[in-house]
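For reference, target16.cif is printed below; it contains mmCIF, N, CA and C atoms.
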data_my_file
#
loop_
_atom_site.label_atom_id
_atom_site.label_comp_id
_atom_site.auth_asym_id
_atom_site.auth_seq_id
_atom_site.Cartn_x
_atom_site.Cartn_y
_atom_site.Cartn_z
N MET A 6 -12.58 20.19 -12.94
CA MET A 6 -13.04 20.35 -11.58
C MET A 6 -11.83 20.38 -10.64
N LEU A 7 -11.80 21.35 -9.75
CA LEU A 7 -10.69 21.48 -8.81
C LEU A 7 -10.75 20.40 -7.74
N LYS A 8 -9.59 19.87 -7.42
CA LYS A 8 -9.45 18.85 -6.38
C LYS A 8 -8.57 19.42 -5.27
N ASN A 9 -8.93 19.16 -4.04
CA ASN A 9 -8.15 19.63 -2.92
C ASN A 9 -7.02 18.63 -2.64
N PRO A 10 -5.75 19.05 -2.82
CA PRO A 10 -4.64 18.12 -2.59
C PRO A 10 -4.60 17.59 -1.16
N GLY A 11 -4.97 18.41 -0.19
CA GLY A 11 -4.97 17.97 1.20
C GLY A 11 -5.97 16.85 1.44
N ILE A 12 -7.16 17.00 0.87
CA ILE A 12 -8.17 15.95 1.02
C ILE A 12 -7.69 14.66 0.35
N ALA A 13 -7.10 14.79 -0.83
CA ALA A 13 -6.59 13.61 -1.54
C ALA A 13 -5.54 12.89 -0.70
N ALA A 14 -4.63 13.65 -0.09
CA ALA A 14 -3.58 13.06 0.73
C ALA A 14 -4.16 12.39 1.97
N VAL A 15 -5.12 13.05 2.63
CA VAL A 15 -5.71 12.48 3.85
C VAL A 15 -6.49 11.20 3.52
N LEU A 16 -7.20 11.21 2.41
CA LEU A 16 -7.92 9.99 2.02
C LEU A 16 -6.96 8.84 1.80
N SER A 17 -5.83 9.11 1.14
CA SER A 17 -4.84 8.06 0.92
C SER A 17 -4.13 7.68 2.21
N PHE A 18 -4.06 8.60 3.15
CA PHE A 18 -3.46 8.28 4.45
C PHE A 18 -4.28 7.20 5.16
N PHE A 19 -5.59 7.36 5.11
CA PHE A 19 -6.45 6.41 5.82
C PHE A 19 -6.70 5.13 5.04
N TRP A 20 -6.69 5.20 3.71
CA TRP A 20 -6.89 4.00 2.89
C TRP A 20 -6.18 4.23 1.56
N THR A 21 -5.07 3.56 1.39
CA THR A 21 -4.26 3.75 0.18
C THR A 21 -5.11 3.50 -1.07
N GLY A 22 -5.09 4.46 -1.98
CA GLY A 22 -5.82 4.34 -3.25
C GLY A 22 -7.07 5.19 -3.30
N VAL A 23 -7.64 5.54 -2.15
CA VAL A 23 -8.88 6.33 -2.15
C VAL A 23 -8.61 7.76 -2.61
N GLY A 24 -7.42 8.28 -2.32
CA GLY A 24 -7.06 9.61 -2.82
C GLY A 24 -6.99 9.64 -4.34
N GLN A 25 -6.50 8.56 -4.92
CA GLN A 25 -6.45 8.47 -6.39
C GLN A 25 -7.86 8.39 -6.96
N ILE A 26 -8.73 7.65 -6.30
CA ILE A 26 -10.13 7.57 -6.75
C ILE A 26 -10.78 8.94 -6.65
N TYR A 27 -10.52 9.67 -5.58
CA TYR A 27 -11.02 11.04 -5.42
C TYR A 27 -10.55 11.93 -6.57
N ASN A 28 -9.32 11.71 -7.01
CA ASN A 28 -8.76 12.50 -8.12
C ASN A 28 -9.29 12.06 -9.48
N GLY A 29 -10.07 10.99 -9.52
CA GLY A 29 -10.62 10.51 -10.79
C GLY A 29 -9.81 9.41 -11.43
N GLN A 30 -8.77 8.95 -10.75
CA GLN A 30 -7.94 7.86 -11.27
C GLN A 30 -8.43 6.54 -10.68
N ILE A 31 -9.56 6.08 -11.16
CA ILE A 31 -10.24 4.93 -10.59
C ILE A 31 -9.38 3.66 -10.68
N ILE A 32 -8.85 3.38 -11.85
CA ILE A 32 -8.09 2.14 -12.03
C ILE A 32 -6.82 2.17 -11.18
N LYS A 33 -6.13 3.31 -11.17
CA LYS A 33 -4.93 3.43 -10.35
C LYS A 33 -5.26 3.22 -8.87
N GLY A 34 -6.36 3.80 -8.41
CA GLY A 34 -6.78 3.64 -7.02
C GLY A 34 -7.10 2.20 -6.69
N LEU A 35 -7.83 1.54 -7.56
CA LEU A 35 -8.17 0.13 -7.32
C LEU A 35 -6.93 -0.76 -7.34
N LEU A 36 -5.99 -0.45 -8.22
CA LEU A 36 -4.74 -1.22 -8.24
C LEU A 36 -3.95 -1.03 -6.95
N LEU A 37 -3.92 0.19 -6.43
CA LEU A 37 -3.22 0.43 -5.17
C LEU A 37 -3.90 -0.29 -4.01
N ILE A 38 -5.22 -0.29 -4.00
CA ILE A 38 -5.95 -1.02 -2.95
C ILE A 38 -5.62 -2.51 -3.03
N GLY A 39 -5.64 -3.06 -4.23
CA GLY A 39 -5.29 -4.47 -4.42
C GLY A 39 -3.85 -4.76 -4.02
N LEU A 40 -2.95 -3.85 -4.35
CA LEU A 40 -1.55 -4.03 -3.99
C LEU A 40 -1.37 -4.03 -2.48
N GLN A 41 -2.10 -3.17 -1.78
CA GLN A 41 -1.99 -3.13 -0.33
C GLN A 41 -2.59 -4.38 0.31
N ILE A 42 -3.60 -4.95 -0.30
CA ILE A 42 -4.14 -6.22 0.20
C ILE A 42 -3.07 -7.31 0.05
N LEU A 43 -2.40 -7.32 -1.10
CA LEU A 43 -1.31 -8.27 -1.31
C LEU A 43 -0.18 -8.03 -0.32
N ASN A 44 0.18 -6.77 -0.09
CA ASN A 44 1.24 -6.43 0.87
C ASN A 44 0.86 -6.87 2.28
N SER A 45 -0.41 -6.77 2.62
CA SER A 45 -0.86 -7.23 3.93
C SER A 45 -0.63 -8.73 4.08
N ALA A 46 -0.93 -9.48 3.02
CA ALA A 46 -0.70 -10.93 3.05
C ALA A 46 0.79 -11.23 3.11
N LEU A 47 1.61 -10.40 2.47
CA LEU A 47 3.06 -10.63 2.46
C LEU A 47 3.70 -10.36 3.82
N MET A 48 2.95 -9.76 4.74
CA MET A 48 3.51 -9.56 6.08
C MET A 48 3.78 -10.88 6.79
N PHE A 49 3.11 -11.94 6.35
CA PHE A 49 3.36 -13.26 6.95
C PHE A 49 4.75 -13.79 6.58
N VAL A 50 5.32 -13.28 5.50
CA VAL A 50 6.68 -13.68 5.12
C VAL A 50 7.65 -12.50 5.26
N LEU A 51 7.26 -11.52 6.02
CA LEU A 51 8.05 -10.37 6.45
C LEU A 51 8.30 -9.29 5.39
N ILE A 52 8.33 -9.61 4.11
CA ILE A 52 8.59 -8.58 3.09
C ILE A 52 7.51 -7.51 3.09
N GLY A 53 6.29 -7.88 3.50
CA GLY A 53 5.19 -6.92 3.56
C GLY A 53 5.44 -5.78 4.52
N PHE A 54 6.29 -6.01 5.54
CA PHE A 54 6.62 -4.94 6.48
C PHE A 54 7.47 -3.86 5.83
N ILE A 55 8.05 -4.17 4.69
CA ILE A 55 8.82 -3.17 3.93
C ILE A 55 7.95 -2.59 2.82
N THR A 56 7.27 -3.45 2.07
CA THR A 56 6.52 -2.98 0.91
C THR A 56 5.25 -2.21 1.28
N PHE A 57 4.57 -2.60 2.36
CA PHE A 57 3.33 -1.92 2.73
C PHE A 57 3.55 -0.44 3.02
N PRO A 58 4.50 -0.08 3.90
CA PRO A 58 4.69 1.36 4.17
C PRO A 58 5.22 2.14 2.96
N LEU A 59 6.03 1.48 2.12
CA LEU A 59 6.53 2.18 0.92
C LEU A 59 5.39 2.55 -0.02
N VAL A 60 4.50 1.60 -0.27
CA VAL A 60 3.35 1.86 -1.16
C VAL A 60 2.41 2.87 -0.50
N TRP A 61 2.23 2.78 0.81
CA TRP A 61 1.35 3.70 1.53
C TRP A 61 1.85 5.14 1.41
N ILE A 62 3.15 5.35 1.66
CA ILE A 62 3.72 6.70 1.58
C ILE A 62 3.67 7.21 0.15
N TRP A 63 4.00 6.35 -0.81
CA TRP A 63 3.95 6.77 -2.21
C TRP A 63 2.52 7.14 -2.62
N GLY A 64 1.54 6.38 -2.13
CA GLY A 64 0.13 6.68 -2.45
C GLY A 64 -0.30 8.04 -1.93
N ILE A 65 0.13 8.38 -0.73
CA ILE A 65 -0.19 9.70 -0.16
C ILE A 65 0.45 10.80 -1.01
N TYR A 66 1.74 10.64 -1.30
CA TYR A 66 2.47 11.62 -2.10
C TYR A 66 1.85 11.78 -3.49
N ASP A 67 1.57 10.66 -4.14
CA ASP A 67 1.01 10.69 -5.49
C ASP A 67 -0.37 11.36 -5.51
N ALA A 68 -1.21 11.05 -4.55
CA ALA A 68 -2.55 11.66 -4.51
C ALA A 68 -2.44 13.17 -4.38
N TYR A 69 -1.53 13.63 -3.53
CA TYR A 69 -1.34 15.07 -3.33
C TYR A 69 -0.82 15.74 -4.61
N LYS A 70 0.24 15.16 -5.17
CA LYS A 70 0.86 15.78 -6.35
C LYS A 70 -0.07 15.78 -7.57
N VAL A 71 -0.81 14.71 -7.77
CA VAL A 71 -1.73 14.66 -8.92
C VAL A 71 -2.84 15.70 -8.76
N ALA A 72 -3.40 15.82 -7.56
CA ALA A 72 -4.44 16.83 -7.33
C ALA A 72 -3.88 18.23 -7.56
N ASP A 73 -2.67 18.46 -7.11
CA ASP A 73 -2.03 19.77 -7.30
C ASP A 73 -1.81 20.06 -8.79
N ARG A 74 -1.31 19.06 -9.52
CA ARG A 74 -1.11 19.23 -10.97
C ARG A 74 -2.42 19.44 -11.71
N MET A 75 -3.47 18.73 -11.27
CA MET A 75 -4.78 18.90 -11.92
C MET A 75 -5.28 20.33 -11.74
N ASN A 76 -5.07 20.89 -10.56
CA ASN A 76 -5.51 22.25 -10.30
C ASN A 76 -4.75 23.28 -11.11
N ARG A 77 -3.50 22.99 -11.40
CA ARG A 77 -2.69 23.91 -12.22
C ARG A 77 -2.94 23.74 -13.70
N GLY A 78 -3.63 22.68 -14.06
CA GLY A 78 -3.93 22.43 -15.46
C GLY A 78 -2.81 21.77 -16.21
N SER A 79 -1.80 21.25 -15.50
CA SER A 79 -0.66 20.62 -16.16
C SER A 79 -0.74 19.11 -16.10
N TYR A 80 -1.96 18.58 -15.91
CA TYR A 80 -2.11 17.14 -15.88
C TYR A 80 -2.91 16.69 -17.06
#
In structure tokens, write the structure found in this file.
Amino acid sequence: MLKNPGIAAVLSFFWTGVGQIYNGQIIKGLLLIGLQILNSALMFVLIGFITFPLVWIWGIYDAYKVADRMNRGSY
């Protein structure tokens, strides 16, 4: 089934991990959601201000690239 990379990226933009779930990577998506919850808690000790945006940007990139690879059949 074809996946729209743009939709996957936008979903991950608004909620990290949802783009992966859209792509069919349920466990990966749930792990990213859990990781972002942990990163939110880590903002109280400041490291979360670094880790949260890094995971968020990686989640957007990963959702887009995986959807693109799935459409090409190389995944």
Once the PyMOL selection byres (((chain A and resi 72 and name CA) around 7) and name CA) is applied to the coordinates I shared, what remains selected? I want it as a list in words.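 So the PyMOL selection byres (((chain A and resi 72 and name CA) around 7) and name CA), applied here, picks out Lys8, Asn9, Pro10, Ala13, Asn28, Ala68, Tyr69, Lys70, Val71, Asp73, Arg74, Met75 and Asn76 of chain A.
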Excluding Ile38 of chain A and its own-chain neighbours fewer than 2 positions away, which residues fall within 7 Å of it when counting all atoms listed in the file? Please give them as number ranges by chain. A: 20-23, 33-36, 40-43
I need the residue set behind the PyMOL selection byres (((chain A and resi 60 and name CA) around 10) and name CA) for this file; please write it as an MDAnalysis selection string. chainID A and resid 21:22 37:38 40:41 44 55:59 61:66
Please identify which residues in chain A DSSP calls helix (DSSP H, G or I) from the backbone, and express them as a PyMOL selection string. chain A and resi 10-19+23-27+31-50+53-77
In Å, with one decimal, what is the gap from atom CA of Leu16 of chain A to atom CA of Ile52 of chain A? 24.9 Å
